[in-house]
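Listing of final_33.csv; format and content: CSV, C-alpha atoms.
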```csv
chain,number,residue,atom,x,y,z
I,1255,MET,CA,-49.0,19.6,91.9
I,1256,LYS,CA,-46.2,20.7,89.6
I,1257,SER,CA,-44.6,17.3,89.9
I,1258,ARG,CA,-47.9,15.6,88.9
I,1259,LEU,CA,-48.2,17.8,85.9
I,1260,LEU,CA,-44.7,17.1,84.9
I,1261,CYS,CA,-45.2,13.3,85.1
I,1262,LEU,CA,-48.4,13.6,83.1
I,1263,GLY,CA,-46.6,15.7,80.5
I,1264,LEU,CA,-43.9,13.1,80.2
I,1265,LEU,CA,-46.4,10.3,80.0
I,1266,LEU,CA,-48.3,12.0,77.2
I,1267,PHE,CA,-45.0,12.7,75.3
I,1268,CYS,CA,-44.0,9.0,75.5
I,1269,LEU,CA,-47.4,7.9,74.3
I,1270,GLY,CA,-47.4,10.3,71.4
I,1271,THR,CA,-43.8,10.0,70.2
I,1272,GLY,CA,-42.4,7.0,72.0
I,1273,CYS,CA,-39.6,7.1,74.6
I,1274,SER,CA,-36.0,7.1,73.5
I,1275,GLY,CA,-35.5,3.4,74.1
I,1276,ALA,CA,-38.7,2.5,72.2
I,1277,ALA,CA,-37.6,4.8,69.4
I,1278,LYS,CA,-34.3,3.0,69.1
I,1279,GLU,CA,-36.0,-0.4,69.1
I,1280,GLU,CA,-38.3,0.8,66.3
I,1281,VAL,CA,-35.5,1.9,64.1
I,1282,ALA,CA,-33.7,-1.4,64.6
I,1283,VAL,CA,-36.8,-3.3,63.4
I,1284,VAL,CA,-37.1,-1.4,60.1
I,1285,GLN,CA,-33.4,-1.7,59.2
I,1286,VAL,CA,-33.4,-4.3,56.5
I,1287,PRO,CA,-30.1,-5.6,55.0
I,1288,GLY,CA,-29.4,-4.2,51.6
I,1289,VAL,CA,-32.1,-1.5,51.8
I,1290,SER,CA,-31.4,2.2,52.4
I,1291,ALA,CA,-33.4,5.3,51.7
I,1292,ASP,CA,-32.2,5.5,48.1
I,1293,GLU,CA,-30.9,2.0,47.2
I,1294,ILE,CA,-31.7,-1.7,47.1
I,1295,ARG,CA,-28.7,-4.1,46.9
I,1296,LEU,CA,-29.0,-7.4,45.1
I,1297,GLY,CA,-26.3,-10.1,44.7
I,1298,SER,CA,-25.5,-12.5,42.0
I,1299,SER,CA,-23.0,-15.3,41.5
I,1300,LEU,CA,-22.7,-16.6,38.0
I,1301,ALA,CA,-20.3,-17.8,35.3
I,1302,LEU,CA,-18.6,-14.7,33.8
I,1303,SER,CA,-15.5,-16.7,32.7
I,1304,GLY,CA,-14.8,-20.3,31.6
I,1305,HIS,CA,-16.8,-22.7,29.4
I,1306,ALA,CA,-20.2,-21.4,30.7
I,1307,SER,CA,-19.4,-17.7,30.5
I,1308,PHE,CA,-21.9,-17.2,27.6
I,1309,LEU,CA,-24.7,-18.2,29.9
I,1310,GLY,CA,-23.7,-16.0,32.8
I,1311,THR,CA,-22.8,-13.0,30.7
I,1312,GLN,CA,-26.0,-13.1,28.6
I,1313,THR,CA,-28.1,-13.6,31.7
I,1314,LEU,CA,-26.5,-10.7,33.5
I,1315,HIS,CA,-26.6,-8.3,30.5
I,1316,GLY,CA,-30.3,-9.1,29.9
I,1317,ALA,CA,-31.2,-8.4,33.5
I,1318,LEU,CA,-29.1,-5.3,33.8
I,1319,SER,CA,-30.5,-3.8,30.6
I,1320,TYR,CA,-34.0,-3.7,32.3
I,1321,ILE,CA,-32.7,-2.6,35.7
I,1322,ARG,CA,-30.6,0.2,34.3
I,1323,ALA,CA,-33.6,1.5,32.5
I,1324,ILE,CA,-35.7,1.3,35.7
I,1325,ASN,CA,-33.0,3.2,37.6
I,1326,GLU,CA,-32.9,6.0,35.0
I,1327,THR,CA,-36.6,6.5,35.5
I,1328,GLY,CA,-36.4,6.9,39.3
I,1329,GLY,CA,-36.0,3.3,40.5
I,1330,VAL,CA,-38.6,1.5,42.6
I,1331,HIS,CA,-40.3,3.7,45.3
I,1332,GLY,CA,-37.4,6.2,45.0
I,1333,ARG,CA,-34.7,3.6,45.4
I,1334,SER,CA,-32.3,2.6,42.6
I,1335,ILE,CA,-31.3,-1.1,42.3
I,1336,LYS,CA,-27.7,-2.1,42.5
I,1337,VAL,CA,-26.6,-5.6,41.5
I,1338,ILE,CA,-23.3,-6.8,42.9
I,1339,ALA,CA,-22.2,-9.7,40.6
I,1340,TYR,CA,-19.3,-12.1,41.2
I,1341,ASP,CA,-17.8,-14.6,38.8
I,1342,ASP,CA,-18.0,-18.3,39.9
I,1343,GLY,CA,-16.9,-19.9,36.7
I,1344,TYR,CA,-19.7,-22.4,37.1
I,1345,ASP,CA,-17.9,-23.9,40.0
I,1346,PRO,CA,-20.0,-24.8,43.1
I,1347,PRO,CA,-17.4,-24.0,45.8
I,1348,ARG,CA,-16.7,-20.6,44.3
I,1349,CYS,CA,-20.4,-19.9,44.1
I,1350,LEU,CA,-20.8,-20.8,47.8
I,1351,GLU,CA,-17.9,-18.5,48.7
I,1352,ASN,CA,-19.3,-15.7,46.6
I,1353,THR,CA,-22.7,-16.1,48.2
I,1354,GLN,CA,-21.3,-16.0,51.7
I,1355,LYS,CA,-19.6,-12.8,50.8
I,1356,LEU,CA,-22.8,-11.3,49.4
I,1357,ILE,CA,-24.7,-12.1,52.5
I,1358,VAL,CA,-22.2,-11.4,55.2
I,1359,GLU,CA,-20.0,-8.6,53.8
I,1360,ASP,CA,-22.1,-6.9,51.1
I,1361,LYS,CA,-25.3,-7.4,53.1
I,1362,VAL,CA,-27.5,-7.7,50.1
I,1363,PHE,CA,-31.3,-7.7,50.3
I,1364,GLY,CA,-31.7,-10.7,48.1
I,1365,LEU,CA,-30.0,-12.9,45.5
I,1366,PHE,CA,-30.7,-12.7,41.8
I,1367,CYS,CA,-30.0,-14.4,38.5
I,1368,TYR,CA,-27.9,-17.4,39.6
I,1369,VAL,CA,-26.8,-19.7,36.7
I,1370,GLY,CA,-26.6,-23.5,36.9
I,1371,THR,CA,-27.9,-26.4,38.9
I,1372,PRO,CA,-24.7,-27.6,40.8
I,1373,THR,CA,-24.0,-24.0,41.8
I,1374,SER,CA,-27.5,-23.1,42.9
I,1375,VAL,CA,-28.0,-26.4,44.8
I,1376,LYS,CA,-24.8,-25.7,46.7
I,1377,ILE,CA,-26.1,-22.4,48.2
I,1378,MET,CA,-29.6,-23.7,49.1
I,1379,PRO,CA,-28.8,-24.2,52.8
I,1380,LEU,CA,-27.4,-20.6,53.0
I,1381,VAL,CA,-30.6,-19.2,51.5
I,1382,GLN,CA,-32.8,-21.0,53.9
I,1383,GLU,CA,-30.7,-20.1,56.9
I,1384,ALA,CA,-30.5,-16.4,56.0
I,1385,ARG,CA,-34.1,-16.3,54.9
I,1386,LEU,CA,-33.5,-14.0,51.9
I,1387,PRO,CA,-35.1,-14.1,48.5
I,1388,LEU,CA,-33.4,-15.9,45.6
I,1389,VAL,CA,-35.1,-14.8,42.4
I,1390,GLY,CA,-34.7,-16.0,38.8
I,1391,LEU,CA,-32.4,-19.0,38.5
I,1392,PHE,CA,-31.1,-20.2,35.1
I,1393,THR,CA,-31.8,-23.8,35.9
I,1394,GLY,CA,-34.8,-26.1,35.7
I,1395,ALA,CA,-33.7,-28.5,38.5
I,1396,GLN,CA,-36.5,-30.2,40.3
I,1397,VAL,CA,-34.7,-30.0,43.7
I,1398,LEU,CA,-35.2,-26.2,43.5
I,1399,ARG,CA,-38.9,-26.7,43.1
I,1400,ASN,CA,-39.8,-29.8,45.1
I,1401,PRO,CA,-40.1,-29.8,48.1
I,1402,PHE,CA,-41.5,-26.2,48.1
I,1403,GLN,CA,-39.1,-23.6,49.4
I,1404,ARG,CA,-40.5,-20.2,50.5
I,1405,TYR,CA,-37.4,-18.1,49.6
I,1406,ILE,CA,-36.6,-19.6,46.2
I,1407,ILE,CA,-38.5,-17.9,43.3
I,1408,ASN,CA,-38.3,-19.9,40.0
I,1409,ILE,CA,-39.5,-18.2,36.8
I,1410,ARG,CA,-38.8,-20.7,34.1
I,1411,ALA,CA,-40.2,-24.2,33.4
I,1412,SER,CA,-38.4,-27.2,34.7
I,1413,TYR,CA,-36.1,-29.8,33.0
I,1414,TYR,CA,-38.8,-32.4,33.8
I,1415,GLN,CA,-41.2,-30.3,31.7
I,1416,GLU,CA,-38.7,-29.9,28.9
I,1417,THR,CA,-37.7,-33.6,28.6
I,1418,GLY,CA,-41.4,-34.6,29.2
I,1419,ALA,CA,-42.5,-32.4,26.3
I,1420,VAL,CA,-40.0,-33.7,23.8
I,1421,VAL,CA,-40.4,-37.4,24.8
I,1422,LYS,CA,-44.2,-37.0,24.4
I,1423,GLU,CA,-43.9,-35.5,21.0
I,1424,LEU,CA,-41.4,-38.0,19.6
I,1425,VAL,CA,-43.1,-41.0,21.0
I,1426,GLU,CA,-46.7,-40.1,20.1
I,1427,SER,CA,-46.1,-38.3,16.8
I,1428,LEU,CA,-43.2,-40.2,15.4
I,1429,GLY,CA,-43.6,-43.6,17.2
I,1430,LEU,CA,-40.0,-43.6,18.4
I,1431,GLU,CA,-39.0,-45.8,21.2
I,1432,LYS,CA,-35.2,-46.0,21.4
I,1433,PHE,CA,-34.0,-43.0,23.5
I,1434,ALA,CA,-30.4,-42.6,24.8
I,1435,VAL,CA,-29.3,-39.9,27.3
I,1436,PHE,CA,-26.0,-38.0,27.1
I,1437,TYR,CA,-25.5,-36.0,30.4
I,1438,GLN,CA,-23.2,-34.0,32.5
I,1439,TYR,CA,-22.1,-36.0,35.5
I,1440,ASP,CA,-23.4,-33.7,38.3
I,1441,ASP,CA,-26.7,-32.5,39.7
I,1442,TYR,CA,-27.7,-30.8,36.4
I,1443,GLY,CA,-27.2,-34.0,34.4
I,1444,PHE,CA,-28.7,-36.3,37.0
I,1445,ASP,CA,-31.9,-34.1,37.0
I,1446,GLY,CA,-32.2,-34.2,33.2
I,1447,LEU,CA,-31.6,-38.0,33.2
I,1448,THR,CA,-34.2,-38.5,35.9
I,1449,GLY,CA,-36.7,-36.3,34.0
I,1450,THR,CA,-36.2,-38.3,30.8
I,1451,GLN,CA,-36.6,-41.6,32.7
I,1452,ILE,CA,-39.8,-40.4,34.2
I,1453,ALA,CA,-41.1,-39.3,30.8
I,1454,LEU,CA,-40.2,-42.6,29.1
I,1455,LYS,CA,-41.8,-44.6,31.9
I,1456,LYS,CA,-45.2,-43.3,31.0
I,1457,TYR,CA,-44.8,-45.2,27.7
I,1458,GLY,CA,-43.3,-48.3,29.2
I,1459,LEU,CA,-39.8,-47.3,28.0
I,1460,THR,CA,-36.4,-46.9,29.5
I,1461,PRO,CA,-33.2,-45.4,28.0
I,1462,VAL,CA,-31.5,-47.9,25.7
I,1463,ALA,CA,-28.1,-46.3,26.6
I,1464,THR,CA,-26.6,-43.5,28.7
I,1465,GLY,CA,-23.2,-41.8,28.5
I,1466,SER,CA,-21.8,-39.0,30.7
I,1467,TYR,CA,-18.9,-36.6,30.8
I,1468,ARG,CA,-17.2,-34.5,33.6
I,1469,ARG,CA,-18.4,-31.0,34.2
I,1470,GLY,CA,-16.0,-28.4,32.7
I,1471,SER,CA,-14.5,-30.9,30.1
I,1472,VAL,CA,-15.2,-31.8,26.5
I,1473,GLU,CA,-14.1,-35.4,26.9
I,1474,VAL,CA,-17.1,-37.0,25.4
I,1475,GLU,CA,-15.5,-39.8,23.5
I,1476,GLN,CA,-16.4,-42.5,26.1
I,1477,ALA,CA,-20.0,-41.3,26.3
I,1478,LEU,CA,-20.3,-41.7,22.5
I,1479,GLU,CA,-18.8,-45.2,22.6
I,1480,GLN,CA,-21.4,-46.1,25.2
I,1481,ILE,CA,-24.3,-44.8,23.2
I,1482,LEU,CA,-23.3,-45.6,19.6
I,1483,PRO,CA,-23.9,-49.4,19.6
I,1484,SER,CA,-27.4,-48.9,21.1
I,1485,GLY,CA,-28.9,-47.8,17.7
I,1486,ALA,CA,-30.7,-45.0,19.5
I,1487,GLU,CA,-33.2,-43.1,17.4
I,1488,VAL,CA,-33.1,-40.1,19.8
I,1489,VAL,CA,-30.3,-38.7,22.0
I,1490,ILE,CA,-31.5,-36.4,24.8
I,1491,MET,CA,-28.6,-34.2,25.8
I,1492,ILE,CA,-28.2,-32.6,29.2
I,1493,GLY,CA,-25.0,-30.6,28.9
I,1494,THR,CA,-23.3,-27.3,28.0
I,1495,HIS,CA,-22.8,-26.1,24.4
I,1496,ASP,CA,-19.1,-27.1,24.1
I,1497,SER,CA,-19.7,-30.7,25.2
I,1498,CYS,CA,-22.9,-31.2,23.2
I,1499,ALA,CA,-21.4,-29.7,20.1
I,1500,LYS,CA,-18.4,-32.0,20.2
I,1501,PHE,CA,-20.6,-35.0,20.8
I,1502,ILE,CA,-22.9,-34.2,17.8
I,1503,GLN,CA,-20.0,-33.5,15.5
I,1504,MET,CA,-18.2,-36.7,16.4
I,1505,ALA,CA,-21.5,-38.7,16.0
I,1506,ARG,CA,-22.0,-37.2,12.5
I,1507,THR,CA,-18.5,-38.1,11.6
I,1508,ARG,CA,-19.1,-41.7,12.7
I,1509,GLY,CA,-22.3,-41.9,10.6
I,1510,PHE,CA,-24.6,-41.8,13.6
I,1511,HIS,CA,-27.6,-39.6,12.8
I,1512,PRO,CA,-30.3,-39.9,15.5
I,1513,ILE,CA,-32.5,-37.0,16.5
I,1514,PHE,CA,-30.5,-34.8,18.9
I,1515,HIS,CA,-32.4,-32.8,21.5
I,1516,CYS,CA,-30.8,-30.4,24.0
I,1517,VAL,CA,-32.5,-28.7,27.0
I,1518,SER,CA,-32.5,-24.9,27.3
I,1519,PHE,CA,-29.4,-24.7,29.5
I,1520,VAL,CA,-27.3,-25.7,26.5
I,1521,GLY,CA,-27.5,-22.1,25.3
I,1522,GLY,CA,-29.0,-22.8,21.9
I,1523,ASP,CA,-27.7,-19.6,20.2
I,1524,GLU,CA,-24.1,-20.5,21.1
I,1525,LEU,CA,-24.7,-24.2,20.2
I,1526,ALA,CA,-25.9,-23.3,16.7
I,1527,LYS,CA,-22.8,-21.1,16.2
I,1528,LYS,CA,-20.4,-23.8,17.3
I,1529,LEU,CA,-22.1,-26.6,15.2
I,1530,GLY,CA,-22.3,-24.7,11.9
I,1531,GLY,CA,-23.5,-27.1,9.3
I,1532,ASP,CA,-23.5,-30.0,11.7
I,1533,GLY,CA,-26.3,-28.4,13.6
I,1534,GLU,CA,-29.1,-28.8,11.0
I,1535,GLY,CA,-32.2,-30.4,12.5
I,1536,VAL,CA,-31.0,-30.3,16.1
I,1537,ILE,CA,-33.9,-29.6,18.5
I,1538,VAL,CA,-33.5,-27.3,21.4
I,1539,THR,CA,-36.4,-26.8,23.9
I,1540,GLN,CA,-36.7,-23.3,25.3
I,1541,VAL,CA,-38.5,-21.8,28.3
I,1542,VAL,CA,-39.0,-18.3,26.8
I,1543,PRO,CA,-40.3,-17.4,23.3
I,1544,PRO,CA,-38.0,-16.1,20.6
I,1545,PRO,CA,-36.4,-12.7,21.4
I,1546,THR,CA,-36.5,-11.9,17.7
I,1547,GLU,CA,-40.3,-11.7,17.6
I,1548,THR,CA,-40.2,-8.0,18.2
I,1549,LEU,CA,-43.3,-7.3,16.1
I,1550,LEU,CA,-45.5,-9.8,18.1
I,1551,LEU,CA,-44.1,-9.6,21.6
I,1552,ASP,CA,-43.8,-6.3,23.5
I,1553,ALA,CA,-41.2,-7.8,25.8
I,1554,ALA,CA,-39.0,-8.9,22.9
I,1555,GLU,CA,-39.2,-5.4,21.5
I,1556,GLU,CA,-38.2,-3.8,24.8
I,1557,TYR,CA,-35.5,-6.3,25.5
I,1558,THR,CA,-34.0,-5.8,22.0
I,1559,LYS,CA,-34.1,-2.0,22.4
I,1560,LEU,CA,-32.6,-1.9,25.9
I,1561,LEU,CA,-29.9,-4.4,25.0
I,1562,SER,CA,-28.9,-2.3,22.0
I,1563,GLN,CA,-28.8,0.8,24.2
I,1564,TYR,CA,-26.8,-0.6,27.2
I,1565,TYR,CA,-24.8,-3.4,25.6
I,1566,PRO,CA,-24.5,-2.6,21.9
I,1567,GLU,CA,-21.9,-5.3,21.4
I,1568,ASP,CA,-24.5,-8.0,22.3
I,1569,ARG,CA,-27.1,-9.5,20.0
I,1570,PRO,CA,-30.5,-10.8,21.4
I,1571,THR,CA,-30.4,-14.4,22.7
I,1572,TYR,CA,-32.8,-16.7,24.4
I,1573,VAL,CA,-30.5,-16.7,27.5
I,1574,GLY,CA,-30.4,-12.9,27.6
I,1575,PHE,CA,-34.1,-12.6,27.1
I,1576,GLU,CA,-34.6,-14.9,30.1
I,1577,GLY,CA,-32.4,-12.6,32.2
I,1578,TYR,CA,-34.4,-9.6,31.1
I,1579,LEU,CA,-37.7,-11.4,32.2
I,1580,ASN,CA,-36.1,-12.3,35.6
I,1581,ALA,CA,-35.4,-8.6,36.1
I,1582,ARG,CA,-39.0,-7.7,35.3
I,1583,VAL,CA,-40.3,-10.1,37.8
I,1584,MET,CA,-37.9,-8.8,40.5
I,1585,VAL,CA,-38.9,-5.2,39.9
I,1586,GLU,CA,-42.6,-6.1,39.9
I,1587,GLY,CA,-42.1,-7.9,43.3
I,1588,LEU,CA,-40.3,-4.8,44.7
I,1589,ARG,CA,-43.1,-2.5,43.5
I,1590,ARG,CA,-45.8,-4.7,45.1
I,1591,ALA,CA,-43.9,-4.9,48.4
I,1592,GLY,CA,-44.2,-1.1,48.8
I,1593,PRO,CA,-41.9,1.5,50.3
I,1594,ALA,CA,-41.6,-0.3,53.6
I,1595,LEU,CA,-39.5,-3.1,52.0
I,1596,THR,CA,-38.7,-6.3,54.0
I,1597,ARG,CA,-37.6,-9.7,52.8
I,1598,GLU,CA,-40.8,-11.4,54.1
I,1599,GLY,CA,-42.9,-8.6,52.6
I,1600,PHE,CA,-41.2,-9.1,49.3
I,1601,ILE,CA,-42.0,-12.9,49.2
I,1602,ASP,CA,-45.6,-12.1,50.2
I,1603,ALA,CA,-45.8,-9.6,47.4
I,1604,ILE,CA,-44.4,-12.1,44.8
I,1605,GLU,CA,-47.2,-14.5,45.9
I,1606,THR,CA,-49.8,-12.0,44.9
I,1607,ILE,CA,-48.8,-12.1,41.2
I,1608,GLU,CA,-51.5,-13.9,39.2
I,1609,ASN,CA,-52.0,-14.0,35.5
I,1610,TYR,CA,-49.6,-11.1,35.1
I,1611,SER,CA,-48.5,-10.2,31.6
I,1612,LEU,CA,-44.8,-10.0,31.0
I,1613,GLY,CA,-45.4,-9.1,27.3
I,1614,ILE,CA,-44.7,-12.7,26.1
I,1615,ALA,CA,-48.2,-14.0,25.6
I,1616,ASN,CA,-47.6,-16.3,28.5
I,1617,PRO,CA,-49.0,-15.0,31.8
I,1618,LEU,CA,-47.0,-15.3,35.1
I,1619,THR,CA,-48.5,-16.8,38.2
I,1620,PHE,CA,-47.2,-17.5,41.7
I,1621,ASN,CA,-48.9,-18.4,45.0
I,1622,SER,CA,-48.1,-19.4,48.5
I,1623,GLN,CA,-47.6,-23.1,47.5
I,1624,ASP,CA,-46.1,-22.7,44.0
I,1625,HIS,CA,-43.0,-20.5,43.3
I,1626,GLN,CA,-42.6,-21.4,39.6
I,1627,GLY,CA,-44.1,-18.6,37.5
I,1628,LEU,CA,-44.0,-19.9,33.9
I,1629,GLU,CA,-44.9,-23.4,32.6
I,1630,LYS,CA,-44.6,-23.3,28.9
I,1631,VAL,CA,-42.0,-25.1,26.8
I,1632,TYR,CA,-41.2,-24.0,23.2
I,1633,PHE,CA,-39.6,-26.1,20.5
I,1634,THR,CA,-36.9,-24.6,18.4
I,1635,GLN,CA,-34.7,-26.2,15.7
I,1636,ILE,CA,-31.4,-25.3,14.2
I,1637,CYS,CA,-32.0,-24.3,10.6
I,1638,GLY,CA,-29.4,-22.7,8.4
I,1639,GLY,CA,-27.3,-22.0,11.4
I,1640,ASN,CA,-30.1,-20.2,13.3
I,1641,LEU,CA,-32.7,-21.2,15.9
I,1642,GLU,CA,-36.2,-21.3,14.4
I,1643,LEU,CA,-39.4,-21.6,16.4
I,1644,VAL,CA,-41.3,-24.7,15.1
I,1645,THR,CA,-44.7,-26.2,15.6
I,1646,LYS,CA,-44.6,-29.6,17.2
I,1647,PRO,CA,-46.2,-31.4,14.2
I,1648,SER,CA,-43.3,-30.2,12.1
I,1649,LEU,CA,-41.0,-32.5,14.1
I,1650,LYS,CA,-42.5,-35.4,12.2
I,1651,GLU,CA,-40.1,-34.5,9.4
I,1652,THR,CA,-37.1,-34.5,11.7
I,1653,ARG,CA,-36.9,-38.2,11.8
I,1654,GLU,CA,-36.0,-38.4,8.1
I,1655,VAL,CA,-33.5,-35.5,8.5
I,1656,GLY,CA,-31.8,-37.4,11.3
I,1657,LYS,CA,-31.7,-40.8,9.5
I,1658,SER,CA,-30.2,-39.4,6.3
I,1659,GLY,CA,-28.0,-36.7,7.8
I,1660,LEU,CA,-29.3,-34.2,5.3
I,1661,LYS,CA,-27.9,-30.7,5.6
I,1662,GLU,CA,-31.3,-29.2,5.5
I,1663,CYS,CA,-33.9,-28.3,8.2
I,1664,ILE,CA,-37.5,-29.1,7.3
I,1665,GLY,CA,-39.2,-27.7,10.4
I,1666,SER,CA,-41.9,-25.1,9.7
I,1667,LYS,CA,-42.1,-21.9,11.6
I,1668,ASP,CA,-44.7,-21.4,14.3
```
Just give me the structure of the file as structure tokens.
Amino acid sequence: MKSRLLCLGLLLFCLGTGCSGAAKEEVAVVQVPGVSADEIRLGSSLALSGHASFLGTQTLHGALSYIRAINETGGVHGRSIKVIAYDDGYDPPRCLENTQKLIVEDKVFGLFCYVGTPTSVKIMPLVQEARLPLVGLFTGAQVLRNPFQRYIINIRASYYQETGAVVKELVESLGLEKFAVFYQYDDYGFDGLTGTQIALKKYGLTPVATGSYRRGSVEVEQALEQILPSGAEVVIMIGTHDSCAKFIQMARTRGFHPIFHCVSFVGGDELAKKLGGDGEGVIVTQVVPPPTETLLLDAAEEYTKLLSQYYPEDRPTYVGFEGYLNARVMVEGLRRAGPALTREGFIDAIETIENYSLGIANPLTFNSQDHQGLEKVYFTQICGGNLELVTKPSLKETREVGKSGLKECIGSKD
């Protein structure tokens, strides 16, 4: 009788609390890489040195400004967010090595704020194999969007959308037909070239000339010689600020004054600085609104305030503002995922974000088949050494600026 009672007691105990083996198994299930009772570890590989360091540094500072503020107010569900960032110098092999270290040695929960197409493309197989989230890439590459990939969360509009928007405006409003493409000879440049070709094809057009340069160099002379004889009315530029600035300055010196357009990855703030007076009228498409609109946009006001608090040596930039918005999306996903945080649960939570306000008058939406949150493209123009938001119709005046080489910007503010 006593033995029966003892067995019954042990059975009830196991049913109520779980036997030791089951308890150990349960603990193993809830142990998620990069997640502890008081911390969430994220990893980033981006250019903090070299010719693309402006992009990497500004992206990281913008993101960390928001994350540091979140940590000071208790974190997310009681956990602070730690970002481990490694410098890859915009070099794909270094980015791959950094990412392997972040996954294997640092055991991060997810990846965050990667910068560049060739670097991001290089790590795609690792992301898929490890099944960990990669959130907020500073690249508009199509290969990161199509085919759909569950673990990659893009926030910005694509290069196809940027080149498509500017081609549409210049063809339909100005009647221009002669487009050339200056591009970086890698995945980034190829993507922008393809996007331009697709956009032009809609109007029965093809590029009248193309010219490329090697990533990491400013040897653009050959590209200029390939484009110069074409008589191009527009040069679409898929490059970094150093190479694009040199190409534009050399073209001006040679008396070549087409409309120059650069996609957002150029880092328009730095491009304007490097060009000086040669920058007047240059168009830069953006994927976030102006960070200077602090009176109109709540997010711009908060970004400017936090940047001043945590990185007082920095000034607000489009690149930094994008980094800040990336951090806001990451934090919102972590909040929605709840205290029992898992990688799959985080992705599921991101997919519940619909018409969510980031404070930029442009709502964010994801779903289970679409992991690009924002779609809008903004037109800016270098005026007086600064980037100014312009309405698309104002670009009608740009043709005359380009043809005459006037040191004056005619674009009207939006």
Q: Give as a list in words every residue, naming chains and numbers as the document does, that has an atom within 12 Å of (-16.2, -27.9, 47.7), counting all atoms listed in the file.
A: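 Checking each residue against the 12 Å limit leaves Asp1345, Pro1346, Pro1347, Arg1348, Cys1349, Leu1350, Glu1351, Pro1372, Thr1373, Lys1376 and Ile1377 of chain I.
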How big is the axis-aligned box, and where does its centre sit, when it encloses all atoms of range 1484-1502 of chain I listed in the file and has 6 Å added on every side, reported in Å to one decimal as AutoDock Vina command-line options?
```
--center_x -25.8 --center_y -37.5 --center_z 23.3 --size_x 26.8 --size_y 34.8 --size_z 23.8
```
Q.
Give me the residues near Arg1322 in chain I as a ChimeraX atom specification, where near means some atom within 10 Å (using only C-alpha atoms) and where sequence neighbours in that chain fewer than 2 positions away do not count.
A. /I:1317-1320,1324-1327,1329,1334-1336,1560,1564
(Q) Residues near Ile1452 in chain I, anyone? I mean within 9 Å using all atoms listed in the file, not counting same-chain ones fewer than 5 positions away, as a ChimeraX atom specification. (A) /I:1414,1418,1447,1460
Residues near Gly1574 in chain I, cut-off 10 Å, all atoms listed in the file, skip fewer than 3 positions along chain, as a PDB file with C-alpha atoms, in the frame of the given file:
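result.pdb, freshly written:
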```pdb
ATOM      1  CA  PHE I1308     -21.900 -17.200  27.600  1.00  0.00           C
ATOM      2  CA  LEU I1309     -24.700 -18.200  29.900  1.00  0.00           C
ATOM      3  CA  GLY I1310     -23.700 -16.000  32.800  1.00  0.00           C
ATOM      4  CA  THR I1311     -22.800 -13.000  30.700  1.00  0.00           C
ATOM      5  CA  GLN I1312     -26.000 -13.100  28.600  1.00  0.00           C
ATOM      6  CA  THR I1313     -28.100 -13.600  31.700  1.00  0.00           C
ATOM      7  CA  LEU I1314     -26.500 -10.700  33.500  1.00  0.00           C
ATOM      8  CA  HIS I1315     -26.600  -8.300  30.500  1.00  0.00           C
ATOM      9  CA  GLY I1316     -30.300  -9.100  29.900  1.00  0.00           C
ATOM     10  CA  ALA I1317     -31.200  -8.400  33.500  1.00  0.00           C
ATOM     11  CA  LEU I1318     -29.100  -5.300  33.800  1.00  0.00           C
ATOM     12  CA  SER I1319     -30.500  -3.800  30.600  1.00  0.00           C
ATOM     13  CA  GLY I1521     -27.500 -22.100  25.300  1.00  0.00           C
ATOM     14  CA  PRO I1545     -36.400 -12.700  21.400  1.00  0.00           C
ATOM     15  CA  TYR I1557     -35.500  -6.300  25.500  1.00  0.00           C
ATOM     16  CA  THR I1558     -34.000  -5.800  22.000  1.00  0.00           C
ATOM     17  CA  LEU I1561     -29.900  -4.400  25.000  1.00  0.00           C
ATOM     18  CA  ASP I1568     -24.500  -8.000  22.300  1.00  0.00           C
ATOM     19  CA  ARG I1569     -27.100  -9.500  20.000  1.00  0.00           C
ATOM     20  CA  PRO I1570     -30.500 -10.800  21.400  1.00  0.00           C
ATOM     21  CA  THR I1571     -30.400 -14.400  22.700  1.00  0.00           C
ATOM     22  CA  GLY I1577     -32.400 -12.600  32.200  1.00  0.00           C
ATOM     23  CA  TYR I1578     -34.400  -9.600  31.100  1.00  0.00           C
ATOM     24  CA  LEU I1579     -37.700 -11.400  32.200  1.00  0.00           C
ATOM     25  CA  ASN I1580     -36.100 -12.300  35.600  1.00  0.00           C
TER      26      ASN I1580
END
```
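A straight line drawn from CA of Tyr1442 in chain I to CA of Ala1395 in chain I is 6.8 Å long.
If you look at CA of Val1644 in chain I and CA of His1625 in chain I, they are 28.6 Å away from each other.
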Q. For the point (-19.7, -25.1, 37.8) in file coordinates, what residues are within 12 Å, counting all atoms listed in the file? Give the answer as a VMD selection string?
A. chain I and resid 1299 to 1307 1309 to 1310 1341 to 1350 1368 to 1376 1438 to 1442 1468 to 1471 1493 to 1494
Q. Smallest atom-to-atom distance to Ile1407 in chain I: which of I:Ala1603, I:Ala1463, I:Leu1529, I:Ala1554, using only C-alpha atoms?
A. I:Ala1603
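Closest approach to Phe1600 in chain I among I:Gly1485, I:Pro1287, I:Gly1509, I:Pro1387: I:Pro1387, based on all atoms listed in the file.
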Q) CA of Gln1451 in chain I to CA of Glu1629 in chain I: how many Å, to one decimal? A)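 Pair CA of Gln1451 in chain I / CA of Glu1629 in chain I returns 20.0 Å.
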Q) Val1517 in chain I: which residues within 12 Å, counting only C-alpha atoms, same-chain residues fewer than 6 positions away excluded, as a ChimeraX atom specification? A) /I:1392-1395,1411-1421,1435-1437,1442-1443,1445-1447,1449-1450,1489-1495,1498,1525,1536-1541,1631-1635
**Q.** Nearest candidate to Gln1563 in chain I (options I:Pro1379, I:Tyr1405, I:Ala1323, I:Cys1516; using all atoms listed in the file)
**A.** I:Ala1323
